[in-house]
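Peer 1: Handing you this structure, nothing more for now.
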Amino acid sequence: MERIYIGMGSNLCAPAEQLHSAVQALAQLPRTSLAGMSSLYQSDSLLPGQPRYTNAVAALDTDLAPLALLDALQAIENSQGRERLERWGPRTLDLDILLFGDRLIDEPRLKVPHYQLQERAFVLYPLAELAPADLHLADGRSLRDLLKACPFVGLERLLQP
Ligand code: ROI
């Protein structure tokens, strides 16, 4: 089993509910168990003119191979009504593989660690709720250093219902 962290985001159709149903779908993947879910966080879209996003991170333990997991995540996105009308467009659900055990993956469909992890407070702070305090990414960077370089600005942590 390898520990995986999934970044989740939604800015359409009741985002908090989208994230909660996504977590339930993740928990039901074959050869996979759910190890945790972070708090939800709201922030403005990085692209102007879109609704605010709600984001969270989930931790999974899985025996699935990376591309099999990616296929499964895309099936969950589609089943929750995601329409790919424009790149970076608003979406009901976005699921990104952030970290996959100690692996460095560089394939056309999948780069791990996720290439924009370090720029995204809405990924790093929920990840830090779940990950060990001394987590190092497969490329050697420490989560602690990434957090120091990415201030908690514009993020609003939501109280759980
Ligand atoms: N902005 C925020 N705050 N959260 C996201 O998940 C997110 N996802 C995106 C873009 C449009 C880049 N902006 C985002 O894809």
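Simple scheme: letters A, B, ... for chains in structure tokens order, numbers from 1 for residues in each chain, numbers from 1 for ligands in the order shown.
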Residues contacting ligand 1 - anything with an atom at most 8 Å away, using only C-alpha atoms and all ligand atoms - can you give me those as a PyMOL selection string?
Peer 2: chain A and resi 8-11+42-47+50+52-55+88-90+94+122
Peer 1: Would you put the residues from that selection into a file with N, CA, C and O atoms, as a PDB file, in the first residue's frame?
Peer 2:
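Listing of result.pdb after writing:
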```pdb
ATOM      1  N   MET A   8      -8.563  18.322  -3.864  1.00  0.00           N
ATOM      2  CA  MET A   8      -9.936  18.370  -4.367  1.00  0.00           C
ATOM      3  C   MET A   8     -10.382  19.834  -4.437  1.00  0.00           C
ATOM      4  O   MET A   8     -10.091  20.620  -3.532  1.00  0.00           O
ATOM      5  N   GLY A   9     -11.100  20.173  -5.489  1.00  0.00           N
ATOM      6  CA  GLY A   9     -11.601  21.538  -5.609  1.00  0.00           C
ATOM      7  C   GLY A   9     -12.930  21.554  -6.328  1.00  0.00           C
ATOM      8  O   GLY A   9     -13.199  20.694  -7.181  1.00  0.00           O
ATOM      9  N   SER A  10     -13.752  22.548  -5.984  1.00  0.00           N
ATOM     10  CA  SER A  10     -15.040  22.720  -6.659  1.00  0.00           C
ATOM     11  C   SER A  10     -15.449  24.181  -6.559  1.00  0.00           C
ATOM     12  O   SER A  10     -15.245  24.820  -5.520  1.00  0.00           O
ATOM     13  N   ASN A  11     -16.023  24.694  -7.632  1.00  0.00           N
ATOM     14  CA  ASN A  11     -16.616  26.038  -7.532  1.00  0.00           C
ATOM     15  C   ASN A  11     -17.973  26.140  -8.230  1.00  0.00           C
ATOM     16  O   ASN A  11     -18.407  27.224  -8.593  1.00  0.00           O
ATOM     17  N   GLN A  42     -11.987  27.904   1.707  1.00  0.00           N
ATOM     18  CA  GLN A  42     -12.472  28.705   0.580  1.00  0.00           C
ATOM     19  C   GLN A  42     -11.430  29.732   0.182  1.00  0.00           C
ATOM     20  O   GLN A  42     -10.729  30.279   1.041  1.00  0.00           O
ATOM     21  N   SER A  43     -11.361  29.994  -1.118  1.00  0.00           N
ATOM     22  CA  SER A  43     -10.473  31.050  -1.603  1.00  0.00           C
ATOM     23  C   SER A  43     -10.966  31.528  -2.955  1.00  0.00           C
ATOM     24  O   SER A  43     -11.717  30.832  -3.638  1.00  0.00           O
ATOM     25  N   ASP A  44     -10.510  32.735  -3.311  1.00  0.00           N
ATOM     26  CA  ASP A  44     -10.838  33.242  -4.648  1.00  0.00           C
ATOM     27  C   ASP A  44     -10.175  32.367  -5.696  1.00  0.00           C
ATOM     28  O   ASP A  44      -9.101  31.791  -5.461  1.00  0.00           O
ATOM     29  N   SER A  45     -10.775  32.305  -6.866  1.00  0.00           N
ATOM     30  CA  SER A  45     -10.159  31.599  -7.985  1.00  0.00           C
ATOM     31  C   SER A  45      -8.866  32.290  -8.388  1.00  0.00           C
ATOM     32  O   SER A  45      -8.764  33.521  -8.325  1.00  0.00           O
ATOM     33  N   LEU A  46      -7.907  31.506  -8.814  1.00  0.00           N
ATOM     34  CA  LEU A  46      -6.677  32.095  -9.345  1.00  0.00           C
ATOM     35  C   LEU A  46      -6.958  32.814 -10.663  1.00  0.00           C
ATOM     36  O   LEU A  46      -6.178  33.664 -11.079  1.00  0.00           O
ATOM     37  N   LEU A  47      -8.037  32.460 -11.309  1.00  0.00           N
ATOM     38  CA  LEU A  47      -8.438  33.163 -12.525  1.00  0.00           C
ATOM     39  C   LEU A  47      -9.624  34.050 -12.197  1.00  0.00           C
ATOM     40  O   LEU A  47     -10.615  33.585 -11.643  1.00  0.00           O
ATOM     41  N   GLN A  50     -14.395  33.911 -11.921  1.00  0.00           N
ATOM     42  CA  GLN A  50     -15.012  32.625 -11.570  1.00  0.00           C
ATOM     43  C   GLN A  50     -15.506  32.686 -10.134  1.00  0.00           C
ATOM     44  O   GLN A  50     -14.968  33.432  -9.331  1.00  0.00           O
ATOM     45  N   ARG A  52     -15.845  31.647  -6.189  1.00  0.00           N
ATOM     46  CA  ARG A  52     -14.836  31.184  -5.244  1.00  0.00           C
ATOM     47  C   ARG A  52     -14.805  29.660  -5.208  1.00  0.00           C
ATOM     48  O   ARG A  52     -15.816  29.003  -5.440  1.00  0.00           O
ATOM     49  N   TYR A  53     -13.624  29.141  -4.900  1.00  0.00           N
ATOM     50  CA  TYR A  53     -13.432  27.695  -4.802  1.00  0.00           C
ATOM     51  C   TYR A  53     -13.518  27.230  -3.359  1.00  0.00           C
ATOM     52  O   TYR A  53     -13.140  27.957  -2.431  1.00  0.00           O
ATOM     53  N   THR A  54     -13.982  26.004  -3.205  1.00  0.00           N
ATOM     54  CA  THR A  54     -13.808  25.272  -1.964  1.00  0.00           C
ATOM     55  C   THR A  54     -12.830  24.144  -2.254  1.00  0.00           C
ATOM     56  O   THR A  54     -12.976  23.445  -3.269  1.00  0.00           O
ATOM     57  N   ASN A  55     -11.808  24.014  -1.403  1.00  0.00           N
ATOM     58  CA  ASN A  55     -10.764  23.004  -1.600  1.00  0.00           C
ATOM     59  C   ASN A  55     -10.549  22.183  -0.338  1.00  0.00           C
ATOM     60  O   ASN A  55     -10.831  22.660   0.772  1.00  0.00           O
ATOM     61  N   TRP A  88      -9.005  25.177 -17.434  1.00  0.00           N
ATOM     62  CA  TRP A  88      -9.038  26.077 -16.277  1.00  0.00           C
ATOM     63  C   TRP A  88     -10.428  26.659 -16.031  1.00  0.00           C
ATOM     64  O   TRP A  88     -10.583  27.609 -15.292  1.00  0.00           O
ATOM     65  N   GLY A  89     -11.477  26.135 -16.702  1.00  0.00           N
ATOM     66  CA  GLY A  89     -12.820  26.671 -16.488  1.00  0.00           C
ATOM     67  C   GLY A  89     -13.367  26.265 -15.135  1.00  0.00           C
ATOM     68  O   GLY A  89     -12.815  25.403 -14.463  1.00  0.00           O
ATOM     69  N   PRO A  90     -14.479  26.910 -14.728  1.00  0.00           N
ATOM     70  CA  PRO A  90     -15.123  26.522 -13.467  1.00  0.00           C
ATOM     71  C   PRO A  90     -15.540  25.056 -13.537  1.00  0.00           C
ATOM     72  O   PRO A  90     -15.819  24.532 -14.607  1.00  0.00           O
ATOM     73  N   ASP A  94     -12.766  18.814  -9.196  1.00  0.00           N
ATOM     74  CA  ASP A  94     -11.415  18.618  -9.711  1.00  0.00           C
ATOM     75  C   ASP A  94     -10.682  17.744  -8.699  1.00  0.00           C
ATOM     76  O   ASP A  94     -10.708  18.042  -7.508  1.00  0.00           O
ATOM     77  N   PHE A 122      -4.064  26.791  -1.045  1.00  0.00           N
ATOM     78  CA  PHE A 122      -5.274  25.979  -0.848  1.00  0.00           C
ATOM     79  C   PHE A 122      -4.992  24.493  -1.010  1.00  0.00           C
ATOM     80  O   PHE A 122      -5.868  23.674  -0.745  1.00  0.00           O
TER      81      PHE A 122
END
```
Peer 1: Residues of chain A classed as helix (DSSP H, G or I) by DSSP on the backbone are to be reported as a PyMOL selection string.
Peer 2: chain A and resi 15-27+66-79+117-119+121-130+143-148
Peer 1: Separation of atom CA of Glu156 of chain A and atom CA of Leu124 of chain A, in Å?
Peer 2: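 Interatomic distance here is 13.4 Å.
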Peer 1: Set the distance at 12 Å and use only C-alpha atoms: which residues neighbour Leu29 of chain A once local chain neighbours fewer than 4 positions away are removed? I'd like the list as a PyMOL selection string.
Peer 2: chain A and resi 22-25+33-34+60-64+68-73+75-76
Peer 1: Once you have the residues from the selection above, write them out as an mmCIF file, in the first residue's frame, restricted to N, CA and C atoms.
Peer 2:
```cif
data_model
loop_
_atom_site.group_PDB
_atom_site.id
_atom_site.type_symbol
_atom_site.label_atom_id
_atom_site.label_comp_id
_atom_site.auth_asym_id
_atom_site.auth_seq_id
_atom_site.Cartn_x
_atom_site.Cartn_y
_atom_site.Cartn_z
ATOM 1 N N ALA A 22 -17.313 13.343 -3.204
ATOM 2 C CA ALA A 22 -16.071 12.838 -3.805
ATOM 3 C C ALA A 22 -15.319 11.950 -2.815
ATOM 4 N N VAL A 23 -15.269 12.373 -1.561
ATOM 5 C CA VAL A 23 -14.544 11.575 -0.559
ATOM 6 C C VAL A 23 -15.208 10.218 -0.383
ATOM 7 N N GLN A 24 -16.539 10.203 -0.423
ATOM 8 C CA GLN A 24 -17.212 8.908 -0.304
ATOM 9 C C GLN A 24 -16.891 8.015 -1.494
ATOM 10 N N ALA A 25 -16.819 8.611 -2.681
ATOM 11 C CA ALA A 25 -16.462 7.817 -3.862
ATOM 12 C C ALA A 25 -15.014 7.321 -3.756
ATOM 13 N N SER A 33 -8.113 2.371 0.707
ATOM 14 C CA SER A 33 -8.877 2.804 1.882
ATOM 15 C C SER A 33 -8.607 4.279 2.148
ATOM 16 N N LEU A 34 -9.626 4.923 2.676
ATOM 17 C CA LEU A 34 -9.537 6.353 2.982
ATOM 18 C C LEU A 34 -8.817 6.511 4.317
ATOM 19 N N LEU A 60 -5.270 8.744 1.016
ATOM 20 C CA LEU A 60 -5.701 7.372 0.699
ATOM 21 C C LEU A 60 -4.513 6.436 0.854
ATOM 22 N N ASP A 61 -4.810 5.189 1.165
ATOM 23 C CA ASP A 61 -3.819 4.124 1.027
ATOM 24 C C ASP A 61 -4.316 3.225 -0.083
ATOM 25 N N THR A 62 -3.457 2.980 -1.069
ATOM 26 C CA THR A 62 -3.935 2.229 -2.230
ATOM 27 C C THR A 62 -2.891 1.279 -2.778
ATOM 28 N N ASP A 63 -3.381 0.215 -3.406
ATOM 29 C CA ASP A 63 -2.550 -0.684 -4.198
ATOM 30 C C ASP A 63 -2.728 -0.423 -5.681
ATOM 31 N N LEU A 64 -3.560 0.544 -6.039
ATOM 32 C CA LEU A 64 -3.742 0.858 -7.462
ATOM 33 C C LEU A 64 -2.465 1.490 -8.009
ATOM 34 N N ALA A 68 -3.961 3.915 -13.090
ATOM 35 C CA ALA A 68 -5.271 3.339 -12.764
ATOM 36 C C ALA A 68 -5.996 4.256 -11.778
ATOM 37 N N LEU A 69 -5.251 4.804 -10.826
ATOM 38 C CA LEU A 69 -5.873 5.753 -9.902
ATOM 39 C C LEU A 69 -6.324 7.000 -10.659
ATOM 40 N N LEU A 70 -5.497 7.500 -11.564
ATOM 41 C CA LEU A 70 -5.882 8.682 -12.343
ATOM 42 C C LEU A 70 -7.169 8.419 -13.128
ATOM 43 N N ASP A 71 -7.272 7.252 -13.765
ATOM 44 C CA ASP A 71 -8.509 6.912 -14.491
ATOM 45 C C ASP A 71 -9.704 6.913 -13.542
ATOM 46 N N ALA A 72 -9.509 6.350 -12.363
ATOM 47 C CA ALA A 72 -10.609 6.288 -11.390
ATOM 48 C C ALA A 72 -11.018 7.695 -10.941
ATOM 49 N N LEU A 73 -10.043 8.581 -10.761
ATOM 50 C CA LEU A 73 -10.377 9.954 -10.345
ATOM 51 C C LEU A 73 -11.148 10.671 -11.452
ATOM 52 N N ALA A 75 -13.053 9.282 -13.640
ATOM 53 C CA ALA A 75 -14.413 8.730 -13.667
ATOM 54 C C ALA A 75 -15.268 9.361 -12.571
ATOM 55 N N ILE A 76 -14.683 9.613 -11.392
ATOM 56 C CA ILE A 76 -15.445 10.270 -10.316
ATOM 57 C C ILE A 76 -15.781 11.709 -10.723
#
```
Peer 1: Calculate how many Å separate atom CA of Leu40 of chain A from atom CA of Pro126 of chain A, rounding to one decimal.
Peer 2: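 Taking atom CA of Leu40 of chain A as the start and atom CA of Pro126 of chain A as the end point, the length is 7.7 Å.
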Peer 1: I'd like a table as a Markdown table: residues in segment 4-47 of chain A with an atom no more than 9 Å from segment 97-106 of chain A, each row giving the shortest atom pair and its distance in Å to one decimal, only C-alpha atoms counted, sorted by chain and rising residue number.
Peer 2:
```
| residue | atom | partner | partner_atom | distance |
| --- | --- | --- | --- | --- |
| A:Ile4 | CA | A:Phe100 | CA | 4.6 |
| A:Tyr5 | CA | A:Leu99 | CA | 5.3 |
| A:Ile6 | CA | A:Ile97 | CA | 4.7 |
| A:Gly7 | CA | A:Leu98 | CA | 6.2 |
```
Peer 1: Hey, which of A:Met37, A:Leu19, A:Ala65, A:Phe152 ends up closest to Glu2 of chain A? Count only C-alpha atoms.
Peer 2: A:Ala65
Peer 1: From the list A:Arg31, A:Arg91, A:Arg157, A:Arg141, which residue is nearest Glu129 of chain A when using only C-alpha atoms?
Peer 2: A:Arg157
Peer 1: Excluding same-chain residues fewer than 6 positions from His136 of chain A, what lies within 10 Å of it counting only C-alpha atoms, as an NGL selection string?
Peer 2: :A and (102 or 142-145)
Peer 1: Emit the selected residues as an mmCIF file, in the first residue's frame, including N, CA, C and O atoms.
Peer 2:
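Saved result, out-v1.cif, follows:
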```
data_model
loop_
_atom_site.group_PDB
_atom_site.id
_atom_site.type_symbol
_atom_site.label_atom_id
_atom_site.label_comp_id
_atom_site.auth_asym_id
_atom_site.auth_seq_id
_atom_site.Cartn_x
_atom_site.Cartn_y
_atom_site.Cartn_z
ATOM 1 N N ASP A 102 6.490 7.579 -2.438
ATOM 2 C CA ASP A 102 7.785 8.221 -2.682
ATOM 3 C C ASP A 102 8.084 8.342 -4.165
ATOM 4 O O ASP A 102 9.235 8.485 -4.559
ATOM 5 N N SER A 142 10.929 19.764 1.505
ATOM 6 C CA SER A 142 10.142 19.472 2.699
ATOM 7 C C SER A 142 8.863 20.303 2.681
ATOM 8 O O SER A 142 8.846 21.456 2.235
ATOM 9 N N LEU A 143 7.808 19.686 3.175
ATOM 10 C CA LEU A 143 6.530 20.404 3.254
ATOM 11 C C LEU A 143 6.690 21.649 4.120
ATOM 12 O O LEU A 143 6.121 22.697 3.821
ATOM 13 N N ARG A 144 7.493 21.533 5.173
ATOM 14 C CA ARG A 144 7.686 22.683 6.063
ATOM 15 C C ARG A 144 8.236 23.886 5.290
ATOM 16 O O ARG A 144 7.749 25.012 5.443
ATOM 17 N N ASP A 145 9.224 23.669 4.434
ATOM 18 C CA ASP A 145 9.793 24.781 3.651
ATOM 19 C C ASP A 145 8.783 25.326 2.641
ATOM 20 O O ASP A 145 8.721 26.535 2.398
#
```
Peer 1: Report as a compact mmCIF listing (two decimals) with N, CA, C and O atoms, in the first residue's frame: the residues of chain A with a DSSP assignment of strand (DSSP E), based on the backbone of this structure.
Peer 2:
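Result saved to states_18.txt:
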```txt
# COMPACT_ATOMS: atom_id res chain seq x y z
N GLU A 2 0.47 2.22 -0.77
CA GLU A 2 1.19 3.50 -0.76
C GLU A 2 0.24 4.60 -0.32
O GLU A 2 -0.95 4.58 -0.62
N ARG A 3 0.80 5.60 0.37
CA ARG A 3 0.01 6.73 0.82
C ARG A 3 -0.06 7.78 -0.29
O ARG A 3 0.97 8.20 -0.81
N ILE A 4 -1.29 8.15 -0.63
CA ILE A 4 -1.55 9.11 -1.71
C ILE A 4 -2.27 10.32 -1.12
O ILE A 4 -3.13 10.14 -0.26
N TYR A 5 -1.94 11.48 -1.60
CA TYR A 5 -2.71 12.67 -1.24
C TYR A 5 -3.37 13.22 -2.49
O TYR A 5 -2.71 13.38 -3.53
N ILE A 6 -4.68 13.50 -2.36
CA ILE A 6 -5.48 13.99 -3.49
C ILE A 6 -5.95 15.41 -3.16
O ILE A 6 -6.59 15.63 -2.12
N GLY A 7 -5.68 16.34 -4.05
CA GLY A 7 -6.22 17.69 -3.93
C GLY A 7 -7.60 17.72 -4.57
O GLY A 7 -7.77 17.21 -5.68
N MET A 8 -8.56 18.32 -3.86
CA MET A 8 -9.94 18.37 -4.37
C MET A 8 -10.38 19.83 -4.44
O MET A 8 -10.09 20.62 -3.53
N GLY A 9 -11.10 20.17 -5.49
CA GLY A 9 -11.60 21.54 -5.61
C GLY A 9 -12.93 21.55 -6.33
O GLY A 9 -13.20 20.69 -7.18
N SER A 10 -13.75 22.55 -5.98
CA SER A 10 -15.04 22.72 -6.66
C SER A 10 -15.45 24.18 -6.56
O SER A 10 -15.24 24.82 -5.52
N THR A 32 -8.30 0.15 -2.05
CA THR A 32 -8.00 1.48 -1.55
C THR A 32 -8.75 1.70 -0.24
O THR A 32 -9.89 1.27 -0.11
N SER A 33 -8.11 2.37 0.71
CA SER A 33 -8.88 2.80 1.88
C SER A 33 -8.61 4.28 2.15
O SER A 33 -7.52 4.80 1.87
N LEU A 34 -9.63 4.92 2.68
CA LEU A 34 -9.54 6.35 2.98
C LEU A 34 -8.82 6.51 4.32
O LEU A 34 -9.20 5.90 5.31
N ALA A 35 -7.77 7.33 4.34
CA ALA A 35 -7.00 7.53 5.58
C ALA A 35 -7.33 8.86 6.24
O ALA A 35 -6.98 9.07 7.40
N GLY A 36 -7.99 9.78 5.53
CA GLY A 36 -8.34 11.04 6.17
C GLY A 36 -8.77 12.09 5.18
O GLY A 36 -8.51 11.97 3.98
N MET A 37 -9.47 13.09 5.70
CA MET A 37 -9.85 14.24 4.89
C MET A 37 -9.57 15.50 5.71
O MET A 37 -9.83 15.52 6.91
N TYR A 41 -11.53 24.56 2.77
CA TYR A 41 -11.02 25.94 2.71
C TYR A 41 -11.64 26.64 1.52
O TYR A 41 -11.74 26.05 0.45
N GLN A 42 -11.99 27.90 1.71
CA GLN A 42 -12.47 28.70 0.58
C GLN A 42 -11.43 29.73 0.18
O GLN A 42 -10.73 30.28 1.04
N SER A 43 -11.36 29.99 -1.12
CA SER A 43 -10.47 31.05 -1.60
C SER A 43 -10.97 31.53 -2.96
O SER A 43 -11.72 30.83 -3.64
N TYR A 53 -13.62 29.14 -4.90
CA TYR A 53 -13.43 27.69 -4.80
C TYR A 53 -13.52 27.23 -3.36
O TYR A 53 -13.14 27.96 -2.43
N THR A 54 -13.98 26.00 -3.21
CA THR A 54 -13.81 25.27 -1.96
C THR A 54 -12.83 24.14 -2.25
O THR A 54 -12.98 23.45 -3.27
N ASN A 55 -11.81 24.01 -1.40
CA ASN A 55 -10.76 23.00 -1.60
C ASN A 55 -10.55 22.18 -0.34
O ASN A 55 -10.83 22.66 0.77
N ALA A 56 -10.04 20.99 -0.52
CA ALA A 56 -9.67 20.12 0.61
C ALA A 56 -8.68 19.11 0.07
O ALA A 56 -8.45 19.02 -1.14
N VAL A 57 -8.08 18.35 0.98
CA VAL A 57 -7.17 17.27 0.59
C VAL A 57 -7.65 15.99 1.26
O VAL A 57 -8.12 16.02 2.41
N ALA A 58 -7.56 14.87 0.53
CA ALA A 58 -7.86 13.56 1.09
C ALA A 58 -6.60 12.71 1.07
O ALA A 58 -5.78 12.83 0.16
N ALA A 59 -6.45 11.86 2.07
CA ALA A 59 -5.34 10.89 2.12
C ALA A 59 -5.92 9.51 1.89
O ALA A 59 -6.94 9.14 2.48
N LEU A 60 -5.27 8.74 1.02
CA LEU A 60 -5.70 7.37 0.70
C LEU A 60 -4.51 6.44 0.85
O LEU A 60 -3.37 6.84 0.65
N ASP A 61 -4.81 5.19 1.16
CA ASP A 61 -3.82 4.12 1.03
C ASP A 61 -4.32 3.23 -0.08
O ASP A 61 -5.47 2.78 -0.05
N THR A 62 -3.46 2.98 -1.07
CA THR A 62 -3.94 2.23 -2.23
C THR A 62 -2.89 1.28 -2.78
O THR A 62 -1.68 1.51 -2.62
N ASP A 94 -12.77 18.81 -9.20
CA ASP A 94 -11.42 18.62 -9.71
C ASP A 94 -10.68 17.74 -8.70
O ASP A 94 -10.71 18.04 -7.51
N LEU A 95 -10.10 16.65 -9.16
CA LEU A 95 -9.33 15.76 -8.29
C LEU A 95 -7.92 15.63 -8.86
O LEU A 95 -7.77 15.20 -10.01
N ASP A 96 -6.93 16.04 -8.09
CA ASP A 96 -5.54 16.01 -8.55
C ASP A 96 -4.71 15.11 -7.64
O ASP A 96 -4.78 15.26 -6.41
N ILE A 97 -3.91 14.23 -8.24
CA ILE A 97 -2.96 13.46 -7.43
C ILE A 97 -1.80 14.40 -7.07
O ILE A 97 -1.11 14.91 -7.96
N LEU A 98 -1.64 14.66 -5.78
CA LEU A 98 -0.58 15.58 -5.33
C LEU A 98 0.71 14.83 -5.10
O LEU A 98 1.77 15.23 -5.58
N LEU A 99 0.61 13.74 -4.33
CA LEU A 99 1.78 12.92 -3.96
C LEU A 99 1.37 11.47 -4.07
O LEU A 99 0.22 11.11 -3.75
N PHE A 100 2.30 10.62 -4.48
CA PHE A 100 2.02 9.19 -4.61
C PHE A 100 3.17 8.45 -3.96
O PHE A 100 4.19 8.17 -4.60
N ILE A 105 6.83 10.87 -10.77
CA ILE A 105 6.18 10.38 -11.99
C ILE A 105 6.22 11.50 -13.02
O ILE A 105 5.84 12.64 -12.71
N ASP A 106 6.70 11.17 -14.19
CA ASP A 106 6.76 12.18 -15.25
C ASP A 106 6.27 11.53 -16.54
O ASP A 106 7.05 11.05 -17.35
N GLU A 107 4.97 11.49 -16.66
CA GLU A 107 4.35 10.90 -17.84
C GLU A 107 3.47 11.97 -18.46
O GLU A 107 3.07 12.92 -17.79
N LEU A 110 0.44 12.49 -16.37
CA LEU A 110 0.55 12.58 -14.90
C LEU A 110 1.96 12.97 -14.47
O LEU A 110 2.92 12.27 -14.76
N LYS A 111 2.02 14.10 -13.76
CA LYS A 111 3.29 14.54 -13.14
C LYS A 111 3.07 14.56 -11.63
O LYS A 111 2.14 15.21 -11.15
N VAL A 112 3.93 13.87 -10.92
CA VAL A 112 3.85 13.82 -9.46
C VAL A 112 5.26 13.98 -8.91
O VAL A 112 6.18 13.35 -9.44
N GLU A 156 -9.74 30.84 3.65
CA GLU A 156 -10.68 30.87 4.77
C GLU A 156 -11.01 29.42 5.12
O GLU A 156 -11.56 28.69 4.29
N ARG A 157 -10.63 29.02 6.32
CA ARG A 157 -10.91 27.64 6.73
C ARG A 157 -12.34 27.56 7.23
O ARG A 157 -12.76 28.36 8.06
```
Peer 1: When you count only C-alpha atoms, which of these residues is closest to Gln80 of chain A: A:Ala14, A:Leu158, A:Ala149, A:Ala27?
Peer 2: A:Ala14
Peer 1: Looking at A:Val153, A:Gly81, A:Pro15, A:Gln74, which one is nearest to Glu119 of chain A, with distances taken over only C-alpha atoms?
Peer 2: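 Ranking A:Val153, A:Gly81, A:Pro15, A:Gln74 by distance to Glu119 of chain A, first place goes to A:Val153.
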Peer 1: Find, counting only C-alpha atoms, the residue in A:Pro132, A:Leu67, A:Leu137, A:Gly154 that gets nearest to Tyr115 of chain A.
Peer 2: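 Nearest to Tyr115 of chain A: A:Leu137.
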